Structure formats: C-alpha cells, structure tokens
Amino acid sequence: MALQTADPLSIEFRITQGMIESFARLSGDYNSMHMDPEVARRSRFRRTIVHGMLPFSFISMIQHHFKEGQISFTRLSAHFNKPVFVNDVISLTVTHKEKKRHTFSFNAEWYRKGTDELLLVAKGLFELQPLKDHNTENPTSSRSSFLTESVSENRYTIEELDNQRETLFYELDPELIEQYNRDVLSSAWQPEPGPACRCQNLCSTLLLSTLVGMRLPGRYATFTRFHISFDNTIQFNRPCVLQAELSRVSREAEHIEATFSITDNNELMASGRYEVSIGSAPKIMLTCDEIRESHLDLGLSGKVALITGASRGIGETTAKLLAMHGVKAVVTYLHGKTDAEKIVREIKAAGGEAFASRCDITSDEQVYSLVSAIVDRYESIDILINNAVKEFSPKDVLDLDWDDYLGELEVSVKGMHACCKAVIPLFKKTGGGKIINMSSVAVANPVTGQSRYITAKSAIEGYTKSLAIELAKFNIQVNLVVPNMTDTDLVSVIPAFYREKMAVSGPYHRHVKPIEVAQGIAYLASNWSDAMSGQKIVLNLAEPPFA
C-alpha cells in the first residue's frame, strides 16, 4: 500500500443551521443550548452555540490524504477552547507524521476566521486499515440516529451532582455515516466531495456530545475536554453501551470530571474521561402574585423609629409620614417641647402611634436613658434617623473659632455617634436595622458662609460609609439622604429675598419640599432598601452634584 503523507491538511468550512440539525439527528444530542434559542438566550452565551463535536467531526477529512486505506482512530484527545456559533467560518489545520508502519500521530487546530480565535485543539493516533465497501450508494436505513433508545435531556445543576451514572445504547450504521458525510462534511470539499471517512471509533466518540449534553450533566453543560483510548475497533450494526460515571465535582469552579467506557456484549472497546463546565439554571423571577403578596408593602408597619431633631421641619414631617405607614414614632427635641407634643397629638388623632421625649443627644447618659425608655415602651428600636443639627447661620470663615466647629460637631457627629452606639446592640440582637443620616448637597457643591455646617456634614458622610461596612454582616443598613435647600425653619436665617432668588435660578424653580425628604427617608427605612448600604439618596432638583 502506497502511503501518502502530504503537506498539512488545511480546509475551511462554514457552520450552518442545517449542519446542526444533521448532527443532532445522527447523535441524538438535542441539548437546548444548541437547539432552543429561548433557553440559550438565558445562558452565559446569550444565544445558541454549536455542538463542539460537530466541528470536531471534520477531523475525519484527514482521510483525504489516504485514498488507498481507511483511517481508524485509536486515541483521541480534545480541548474545546471557545464556543462556536452558526455562520462561523472555521479554518482547520491537521498535521500528522508516521510513528511506525501504518500508525500515525496527529495534531489539529480549529480557528475562527476573521478573529483568529483558537476554538479547538486535538491530538491523537490513528491506524491505516484496508478500505471496505459498505455499499451505501442508496441509503435504506430506517433510523436517523445511532441511538437505539430515545433519551431525554437531564437538567442537573452543580449542586445536584454527586455520584450519578448515565448510559447510552447505540449501534453504528454505515448508511447514517454516509448521509452525514454528504450533508455536513462534503461542504469542506466544494465543488467535489472528498473521500468518505467511515471510522467507527470516531463516530462512537461523537456520541460523547450526547452523553454530556443530554445525560451527564445535561442542559447546562459546556463540554471542555475529553480523552479516549480504543482497545478494539467498534463494529457496525453491533449493540454498544456508552456509560459514564462522575469522578469529581468542583462546586466552587462549577466543573465536573467523569470517566466513561464503551462496551460491546460486555467486552471493553474503549475508555476515557471528560470534563465539563456547568452553567447555572436560569433565574426564576417573582410572579405578579408573589410580588402583590409579599413585595408591595414597605414593611414599615409596627416598626419603631427614633427620630432626632423631630420637633419641626424635616424631622417633624418624617415622623408624621412614618406614623401614617404604621411606624411607632419617637419624636425627640431639645427646646421644642410644645411643638413636639403637638406633633404627637396630631399623629395620634390621625390613628398613629408616637410619643415625645426631650433628649440632649450630646449627652451619652441622656441618649441611653431615652433608648431604655423606648425599649420599655415598645420592646425594641428598628429605625434610627439622625436628623438633629445645631444651626445653619452663615458666618465668614475668618469669624469662626474652633469652638464654633466643635459646637456643630458636638450635635451632628458626636450626637449621631451616641445614638448609633445606643441602638446598634439592639439591632444586632434583633437581626438588623436601619440607620439614616442627613447630609447636604453643599458637601459636594459648597456655598459661602457655611464652613462649619459643611464640615460637620462631610464628617457625617465619612462616618456613614465606614459604619455601613462595619455593620453589613449584621444586616444593618446605613445610608444618607442628601437634599438640596429645603423649605424649613432651618434656612429662615437666609433672607426670604435671597431664598426666592436661589429657588427661581434652578431648573425646577423651587426648593425641595420637606415631604420629599421624608419620602426619601421612608424609602431607606423600608424593606425596599434592604440591598442598599453606604449610599446616598440625593434630592438635587437637577442641580449639581450629579451621581
């Protein structure tokens, strides 16, 4: 027999949908990642991918170099490096060399034309055997697949895999191979088809696609590599069994390894191993009924909120809004006893629950005494709103003494910290809580005359971010509300003319309303903000800063 060991084989072919359908019929691999766009679009690839063994099957075209003998693979290894998609043009190069008489080694590489991405690499051994005539000029097979028993698609996730075994039953039919050669492989030799390859061992190897894609693990599999060695040549029209068993599961890497064997009447014909990456099952979103039942309510009813500086302005409005959502509001004050008690009466008259308490939050003793009184009355605290501020009077920086800064920091920062220290142990005990601190857009967009106020608010922002990190493991969320100038008594120190001028100069031609700030606070106090911590709600009326 004259051996032809020509230059490397180089062919080019385009993957078509028809090829995919032909491969699926032959192998019985109808894995949804290849066949169902609606399933595939929810995978990591976002679209259907081609069976990795389809382009691999073109390795049989090496037969082109051996017109006087039939190749028969005895060892095959492959690594699938990148996914292949419909309409990809693939360039395949195969080099081979003779190791001994009639035995050859080979190396093959598949590249995506246009990007030069390496898609697949393979190597192995094959023997040259005498040509056989199987008379398949006019196929008459009644079957369309090698499989002799139908298989369904398993949907194992990485968490479900342990010691599974799966089995395929098949028979090789030369007529089906010839049909596949005409439908798929001949495209690489247009306009004249090359010599047909009927290597039974290669055709049996193609069924690893079915084993992986349909049975172990099934739908969410991405074939990554395999190795197979043949002890014997698998015969046509003989009942064969392809069986696999898990050998290793890495849940961290979402990766499995399995061993497999092919037997004919209990005689071992081949054995090997394969590896698979397993994707996640699509996430099932909540139904409308589930949302209506469990996720429309803000989850505020029955909660207890401690609101500092609540006898007027933002604090007052927040207490009322929360109370109307079923929150038990603790209205604290330093000098505004009459106003605080009036707020409580209004809340109760509207069907809410509240009480007023004087507390100098710069005093640790008074803060702890207040928290104890709240616990005695309501058993716990769920929400802390640090709203108290000393003053907003503008003052030139050269007229400020250090005591001026300390005075603001005593209330805004020390008082905030005292309240946090007092309630955080309660939050830890009950499994979570909400802390909402108040800042200002002036931190990022300063105005003149407010150095001490902006300094204190800057400290609050840093404190909030630090606290959010420290308390995250306890399910305690710490966030900021950052309003632009708001229509409250606090800003009345600015002459009305200038306040009006500032309002009309902005895109909205107005200042922020206290109820808008209270709504931001209510959102952060609610279950709807459970995934948010260390963040800001900025009420900027389309003025800087922009997040």
# chains A, B, ... in the order shown; residues from 1 in each chain; ligands from 1

$ residues_around --residues "segment 213-223 of chain A" --least-positions-apart "3" --cutoff "8 Å" --atoms "only C-alpha atoms" --output "mmCIF file with C-alpha atoms, in the first residue's frame"
data_model
loop_
_atom_site.group_PDB
_atom_site.id
_atom_site.type_symbol
_atom_site.label_atom_id
_atom_site.label_comp_id
_atom_site.auth_asym_id
_atom_site.auth_seq_id
_atom_site.Cartn_x
_atom_site.Cartn_y
_atom_site.Cartn_z
ATOM 1 C CA ASP A 29 -27.945 15.352 21.058
ATOM 2 C CA TYR A 30 -30.829 17.814 21.158
ATOM 3 C CA ASN A 31 -29.386 19.794 24.054
ATOM 4 C CA SER A 32 -31.361 23.021 24.410
ATOM 5 C CA MET A 33 -28.226 25.167 24.350
ATOM 6 C CA GLY A 52 -18.443 21.195 19.947
ATOM 7 C CA PHE A 80 -12.782 22.987 23.491
ATOM 8 C CA VAL A 151 -33.044 9.904 25.634
ATOM 9 C CA SER A 152 -34.448 12.897 27.454
ATOM 10 C CA GLU A 153 -32.490 15.965 28.475
ATOM 11 C CA ASN A 154 -31.352 15.998 32.097
ATOM 12 C CA ARG A 155 -31.032 19.360 33.835
ATOM 13 C CA TYR A 156 -28.524 18.700 36.591
ATOM 14 C CA THR A 157 -27.107 21.765 38.297
ATOM 15 C CA LEU A 161 -24.452 16.247 41.158
ATOM 16 C CA GLN A 164 -24.560 9.916 39.120
ATOM 17 C CA ARG A 165 -24.148 7.357 36.347
ATOM 18 C CA GLU A 166 -25.685 7.612 32.895
ATOM 19 C CA THR A 167 -25.898 5.198 29.964
ATOM 20 C CA SER A 209 -21.675 15.008 22.796
ATOM 21 C CA THR A 210 -24.946 13.239 23.537
ATOM 22 C CA ALA A 244 -20.294 7.426 32.273
ATOM 23 C CA GLU A 275 -14.571 17.408 31.716
ATOM 24 C CA VAL A 276 -17.495 19.779 31.667
ATOM 25 C CA SER A 277 -18.199 23.302 32.880
ATOM 26 C CA ILE A 278 -21.739 23.643 34.223
ATOM 27 C CA GLY A 279 -23.724 26.831 33.873
ATOM 28 C CA SER A 280 -26.401 27.958 36.270
ATOM 29 C CA ALA A 281 -30.065 27.319 35.736
#

$ residues_around --residues "Glu159 of chain A" --least-positions-apart "6" --cutoff "10 Å" --atoms "only C-alpha atoms" --output "ChimeraX atom specification"
/A:249-251,254,280

$ write_last_selection --atoms "all heavy atoms" --output "PDB file, in the first residue's frame"
ATOM      1  N   VAL A 249     -16.396  16.423  41.408  1.00  0.00           N
ATOM      2  CA  VAL A 249     -17.286  17.574  41.300  1.00  0.00           C
ATOM      3  C   VAL A 249     -16.656  18.743  42.052  1.00  0.00           C
ATOM      4  O   VAL A 249     -16.359  18.629  43.239  1.00  0.00           O
ATOM      5  CB  VAL A 249     -18.688  17.271  41.883  1.00  0.00           C
ATOM      6  CG1 VAL A 249     -19.557  18.522  41.819  1.00  0.00           C
ATOM      7  CG2 VAL A 249     -19.350  16.118  41.155  1.00  0.00           C
ATOM      8  N   SER A 250     -16.438  19.850  41.353  1.00  0.00           N
ATOM      9  CA  SER A 250     -15.928  21.067  41.989  1.00  0.00           C
ATOM     10  C   SER A 250     -17.032  22.110  41.953  1.00  0.00           C
ATOM     11  O   SER A 250     -17.272  22.743  40.918  1.00  0.00           O
ATOM     12  CB  SER A 250     -14.678  21.584  41.265  1.00  0.00           C
ATOM     13  OG  SER A 250     -14.294  22.833  41.801  1.00  0.00           O
ATOM     14  N   ARG A 251     -17.712  22.278  43.078  1.00  0.00           N
ATOM     15  CA  ARG A 251     -18.807  23.248  43.104  1.00  0.00           C
ATOM     16  C   ARG A 251     -18.293  24.677  43.036  1.00  0.00           C
ATOM     17  O   ARG A 251     -18.957  25.557  42.506  1.00  0.00           O
ATOM     18  CB  ARG A 251     -19.664  23.025  44.356  1.00  0.00           C
ATOM     19  CG  ARG A 251     -20.477  21.741  44.265  1.00  0.00           C
ATOM     20  CD  ARG A 251     -21.337  21.457  45.482  1.00  0.00           C
ATOM     21  NE  ARG A 251     -22.226  20.335  45.224  1.00  0.00           N
ATOM     22  CZ  ARG A 251     -21.871  19.056  45.252  1.00  0.00           C
ATOM     23  NH1 ARG A 251     -20.614  18.742  45.569  1.00  0.00           N
ATOM     24  NH2 ARG A 251     -22.739  18.105  44.976  1.00  0.00           N
ATOM     25  N   GLU A 254     -17.581  25.174  39.463  1.00  0.00           N
ATOM     26  CA  GLU A 254     -18.695  24.741  38.615  1.00  0.00           C
ATOM     27  C   GLU A 254     -18.182  23.849  37.494  1.00  0.00           C
ATOM     28  O   GLU A 254     -18.448  24.064  36.300  1.00  0.00           O
ATOM     29  CB  GLU A 254     -19.451  25.949  38.055  1.00  0.00           C
ATOM     30  CG  GLU A 254     -20.109  26.790  39.140  1.00  0.00           C
ATOM     31  CD  GLU A 254     -20.922  27.943  38.584  1.00  0.00           C
ATOM     32  OE1 GLU A 254     -20.491  28.527  37.573  1.00  0.00           O
ATOM     33  OE2 GLU A 254     -21.990  28.238  39.147  1.00  0.00           O
ATOM     34  N   SER A 280     -25.309  27.887  35.306  1.00  0.00           N
ATOM     35  CA  SER A 280     -26.401  27.958  36.270  1.00  0.00           C
ATOM     36  C   SER A 280     -27.742  27.862  35.554  1.00  0.00           C
ATOM     37  O   SER A 280     -27.883  28.273  34.407  1.00  0.00           O
ATOM     38  CB  SER A 280     -26.337  29.276  37.053  1.00  0.00           C
ATOM     39  OG  SER A 280     -25.103  29.404  37.730  1.00  0.00           O
TER      40      SER A 280
END

$ residues_around --residues "Leu480 of chain A" --least-positions-apart "5" --cutoff "7 Å" --atoms "only C-alpha atoms" --output "PyMOL selection string"
chain A and resi 436-439+535-537

$ residues_around --residues "Ala459 of chain A" --least-positions-apart "6" --cutoff "9 Å" --atoms "only C-alpha atoms" --output "list of chain:residue names"
A:Leu409, A:Ser412, A:Val413

$ atom_distance --atom1 "atom CA of Met416 of chain A" --atom2 "atom CA of Asn445 of chain A"
23.1 Å

$ select_by_dssp --residues "segment 341-410 of chain A" --states "strand (DSSP E or B)" --output "PyMOL selection string"
chain A and resi 353-358+383-386

$ write_last_selection --atoms "all heavy atoms" --output "PDB file, in the first residue's frame"
ATOM      1  N   GLU A 353     -49.201  56.116  66.142  1.00  0.00           N
ATOM      2  CA  GLU A 353     -48.644  55.912  67.478  1.00  0.00           C
ATOM      3  C   GLU A 353     -47.338  56.690  67.573  1.00  0.00           C
ATOM      4  O   GLU A 353     -46.455  56.580  66.702  1.00  0.00           O
ATOM      5  CB  GLU A 353     -48.395  54.428  67.714  1.00  0.00           C
ATOM      6  CG  GLU A 353     -47.637  54.103  69.001  1.00  0.00           C
ATOM      7  CD  GLU A 353     -48.380  54.507  70.274  1.00  0.00           C
ATOM      8  OE1 GLU A 353     -49.637  54.576  70.230  1.00  0.00           O
ATOM      9  OE2 GLU A 353     -47.724  54.749  71.297  1.00  0.00           O
ATOM     10  N   ALA A 354     -47.187  57.478  68.650  1.00  0.00           N
ATOM     11  CA  ALA A 354     -45.972  58.275  68.840  1.00  0.00           C
ATOM     12  C   ALA A 354     -45.869  58.735  70.279  1.00  0.00           C
ATOM     13  O   ALA A 354     -46.858  58.742  71.019  1.00  0.00           O
ATOM     14  CB  ALA A 354     -45.980  59.485  67.907  1.00  0.00           C
ATOM     15  N   PHE A 355     -44.682  59.109  70.668  1.00  0.00           N
ATOM     16  CA  PHE A 355     -44.521  59.844  71.930  1.00  0.00           C
ATOM     17  C   PHE A 355     -43.332  60.778  71.792  1.00  0.00           C
ATOM     18  O   PHE A 355     -42.427  60.556  70.958  1.00  0.00           O
ATOM     19  CB  PHE A 355     -44.413  58.904  73.130  1.00  0.00           C
ATOM     20  CG  PHE A 355     -43.049  58.324  73.391  1.00  0.00           C
ATOM     21  CD1 PHE A 355     -42.128  58.953  74.215  1.00  0.00           C
ATOM     22  CD2 PHE A 355     -42.691  57.096  72.826  1.00  0.00           C
ATOM     23  CE1 PHE A 355     -40.881  58.403  74.481  1.00  0.00           C
ATOM     24  CE2 PHE A 355     -41.456  56.533  73.086  1.00  0.00           C
ATOM     25  CZ  PHE A 355     -40.536  57.186  73.907  1.00  0.00           C
ATOM     26  N   ALA A 356     -43.321  61.838  72.587  1.00  0.00           N
ATOM     27  CA  ALA A 356     -42.276  62.858  72.546  1.00  0.00           C
ATOM     28  C   ALA A 356     -41.365  62.705  73.743  1.00  0.00           C
ATOM     29  O   ALA A 356     -41.803  62.334  74.837  1.00  0.00           O
ATOM     30  CB  ALA A 356     -42.896  64.255  72.520  1.00  0.00           C
ATOM     31  N   SER A 357     -40.084  63.005  73.544  1.00  0.00           N
ATOM     32  CA  SER A 357     -39.127  62.903  74.645  1.00  0.00           C
ATOM     33  C   SER A 357     -38.005  63.909  74.430  1.00  0.00           C
ATOM     34  O   SER A 357     -37.448  64.007  73.335  1.00  0.00           O
ATOM     35  CB  SER A 357     -38.547  61.491  74.720  1.00  0.00           C
ATOM     36  OG  SER A 357     -37.602  61.404  75.766  1.00  0.00           O
ATOM     37  N   ARG A 358     -37.695  64.659  75.504  1.00  0.00           N
ATOM     38  CA  ARG A 358     -36.568  65.581  75.431  1.00  0.00           C
ATOM     39  C   ARG A 358     -35.282  64.783  75.563  1.00  0.00           C
ATOM     40  O   ARG A 358     -35.161  63.882  76.398  1.00  0.00           O
ATOM     41  CB  ARG A 358     -36.642  66.631  76.533  1.00  0.00           C
ATOM     42  CG  ARG A 358     -35.531  67.672  76.460  1.00  0.00           C
ATOM     43  CD  ARG A 358     -35.545  68.634  77.637  1.00  0.00           C
ATOM     44  NE  ARG A 358     -34.543  69.682  77.471  1.00  0.00           N
ATOM     45  CZ  ARG A 358     -33.234  69.523  77.728  1.00  0.00           C
ATOM     46  NH1 ARG A 358     -32.775  68.358  78.190  1.00  0.00           N
ATOM     47  NH2 ARG A 358     -32.386  70.536  77.539  1.00  0.00           N
ATOM     48  N   ILE A 383     -35.472  51.560  63.651  1.00  0.00           N
ATOM     49  CA  ILE A 383     -35.019  52.594  62.724  1.00  0.00           C
ATOM     50  C   ILE A 383     -34.453  53.757  63.531  1.00  0.00           C
ATOM     51  O   ILE A 383     -35.073  54.215  64.496  1.00  0.00           O
ATOM     52  CB  ILE A 383     -36.187  53.100  61.852  1.00  0.00           C
ATOM     53  CG1 ILE A 383     -36.835  51.957  61.074  1.00  0.00           C
ATOM     54  CG2 ILE A 383     -35.722  54.192  60.901  1.00  0.00           C
ATOM     55  CD1 ILE A 383     -38.251  52.267  60.608  1.00  0.00           C
ATOM     56  N   LEU A 384     -33.282  54.239  63.149  1.00  0.00           N
ATOM     57  CA  LEU A 384     -32.688  55.431  63.757  1.00  0.00           C
ATOM     58  C   LEU A 384     -32.482  56.465  62.659  1.00  0.00           C
ATOM     59  O   LEU A 384     -31.810  56.200  61.654  1.00  0.00           O
ATOM     60  CB  LEU A 384     -31.349  55.099  64.408  1.00  0.00           C
ATOM     61  CG  LEU A 384     -30.510  56.300  64.857  1.00  0.00           C
ATOM     62  CD1 LEU A 384     -31.240  57.111  65.930  1.00  0.00           C
ATOM     63  CD2 LEU A 384     -29.137  55.851  65.359  1.00  0.00           C
ATOM     64  N   ILE A 385     -33.039  57.650  62.867  1.00  0.00           N
ATOM     65  CA  ILE A 385     -32.897  58.742  61.902  1.00  0.00           C
ATOM     66  C   ILE A 385     -32.174  59.892  62.594  1.00  0.00           C
ATOM     67  O   ILE A 385     -32.719  60.561  63.482  1.00  0.00           O
ATOM     68  CB  ILE A 385     -34.269  59.195  61.376  1.00  0.00           C
ATOM     69  CG1 ILE A 385     -34.971  58.015  60.698  1.00  0.00           C
ATOM     70  CG2 ILE A 385     -34.105  60.359  60.405  1.00  0.00           C
ATOM     71  CD1 ILE A 385     -36.445  58.209  60.493  1.00  0.00           C
ATOM     72  N   ASN A 386     -30.922  60.095  62.218  1.00  0.00           N
ATOM     73  CA  ASN A 386     -30.094  61.134  62.816  1.00  0.00           C
ATOM     74  C   ASN A 386     -30.292  62.431  62.035  1.00  0.00           C
ATOM     75  O   ASN A 386     -29.593  62.716  61.054  1.00  0.00           O
ATOM     76  CB  ASN A 386     -28.625  60.704  62.801  1.00  0.00           C
ATOM     77  CG  ASN A 386     -28.348  59.598  63.800  1.00  0.00           C
ATOM     78  OD1 ASN A 386     -28.609  59.743  64.988  1.00  0.00           O
ATOM     79  ND2 ASN A 386     -27.827  58.485  63.308  1.00  0.00           N
TER      80      ASN A 386
END

$ select_by_dssp --residues "segment 307-474 of chain A" --states "alpha helix (DSSP H)" --output "number ranges by chain"
A: 313-324, 337-349, 364-378, 402-409, 416-430, 451-471

$ atom_distance --atom1 "atom CA of Gly449 of chain A" --atom2 "atom CA of Glu408 of chain A"
14.0 Å

$ residues_around --residues "Lys328 of chain A" --least-positions-apart "2" --cutoff "9 Å" --atoms "only C-alpha atoms" --output "ChimeraX atom specification"
/A:301-306,319,322-323,326,330,352-355,378

$ residues_around --residues "segment 113-130 of chain A" --least-positions-apart "3" --cutoff "7 Å" --atoms "only C-alpha atoms" --output "MDAnalysis selection string"
chainID A and resid 69:83 89:91 102:110

$ write_last_selection --atoms "C-alpha atoms" --output "tab-separated table (two decimals), in the first residue's frame"
chain	number	residue	atom	x	y	z
A	69	GLY	CA	-6.54	2.98	3.13
A	70	GLN	CA	-9.20	3.64	5.77
A	71	ILE	CA	-8.16	5.62	8.84
A	72	SER	CA	-9.16	4.25	12.25
A	73	PHE	CA	-8.54	6.40	15.31
A	74	THR	CA	-7.10	4.59	18.33
A	75	ARG	CA	-6.58	7.55	20.63
A	76	LEU	CA	-8.23	10.96	20.67
A	77	SER	CA	-7.88	13.99	22.93
A	78	ALA	CA	-9.52	17.37	22.51
A	79	HIS	CA	-9.86	20.67	24.33
A	80	PHE	CA	-12.78	22.99	23.49
A	81	ASN	CA	-11.42	26.47	23.99
A	82	LYS	CA	-14.16	28.80	22.67
A	83	PRO	CA	-17.81	28.38	21.68
A	89	VAL	CA	-16.28	30.21	9.16
A	90	ILE	CA	-13.76	27.81	10.60
A	91	SER	CA	-10.26	27.05	9.42
A	102	HIS	CA	0.51	2.21	9.27
A	103	THR	CA	0.39	4.14	12.59
A	104	PHE	CA	0.31	7.93	12.68
A	105	SER	CA	0.13	10.69	15.26
A	106	PHE	CA	-1.69	13.93	14.51
A	107	ASN	CA	-2.29	17.43	15.85
A	108	ALA	CA	-5.22	19.62	14.82
A	109	GLU	CA	-6.30	23.20	15.40
A	110	TRP	CA	-9.60	24.92	14.61

$ atom_distance --atom1 "atom CA of Lys320 of chain A" --atom2 "atom CA of Val344 of chain A"
8.6 Å

$ closest_residue --among "A:Leu202, A:Tyr170, A:Lys434, A:Met269" --to "Met532 of chain A" --atoms "only C-alpha atoms"
A:Lys434

$ residues_around --residues "segment 238-243 of chain A" --least-positions-apart "2" --cutoff "12 Å" --atoms "only C-alpha atoms" --output "PyMOL selection string"
chain A and resi 146-149+164-174+200-201+204-212+215-216+233-236+245-246+258-273

$ closest_residue --among "A:Thr287, A:Thr464, A:Ser372, A:Val327" --to "Lys348 of chain A" --atoms "only C-alpha atoms"
A:Val327
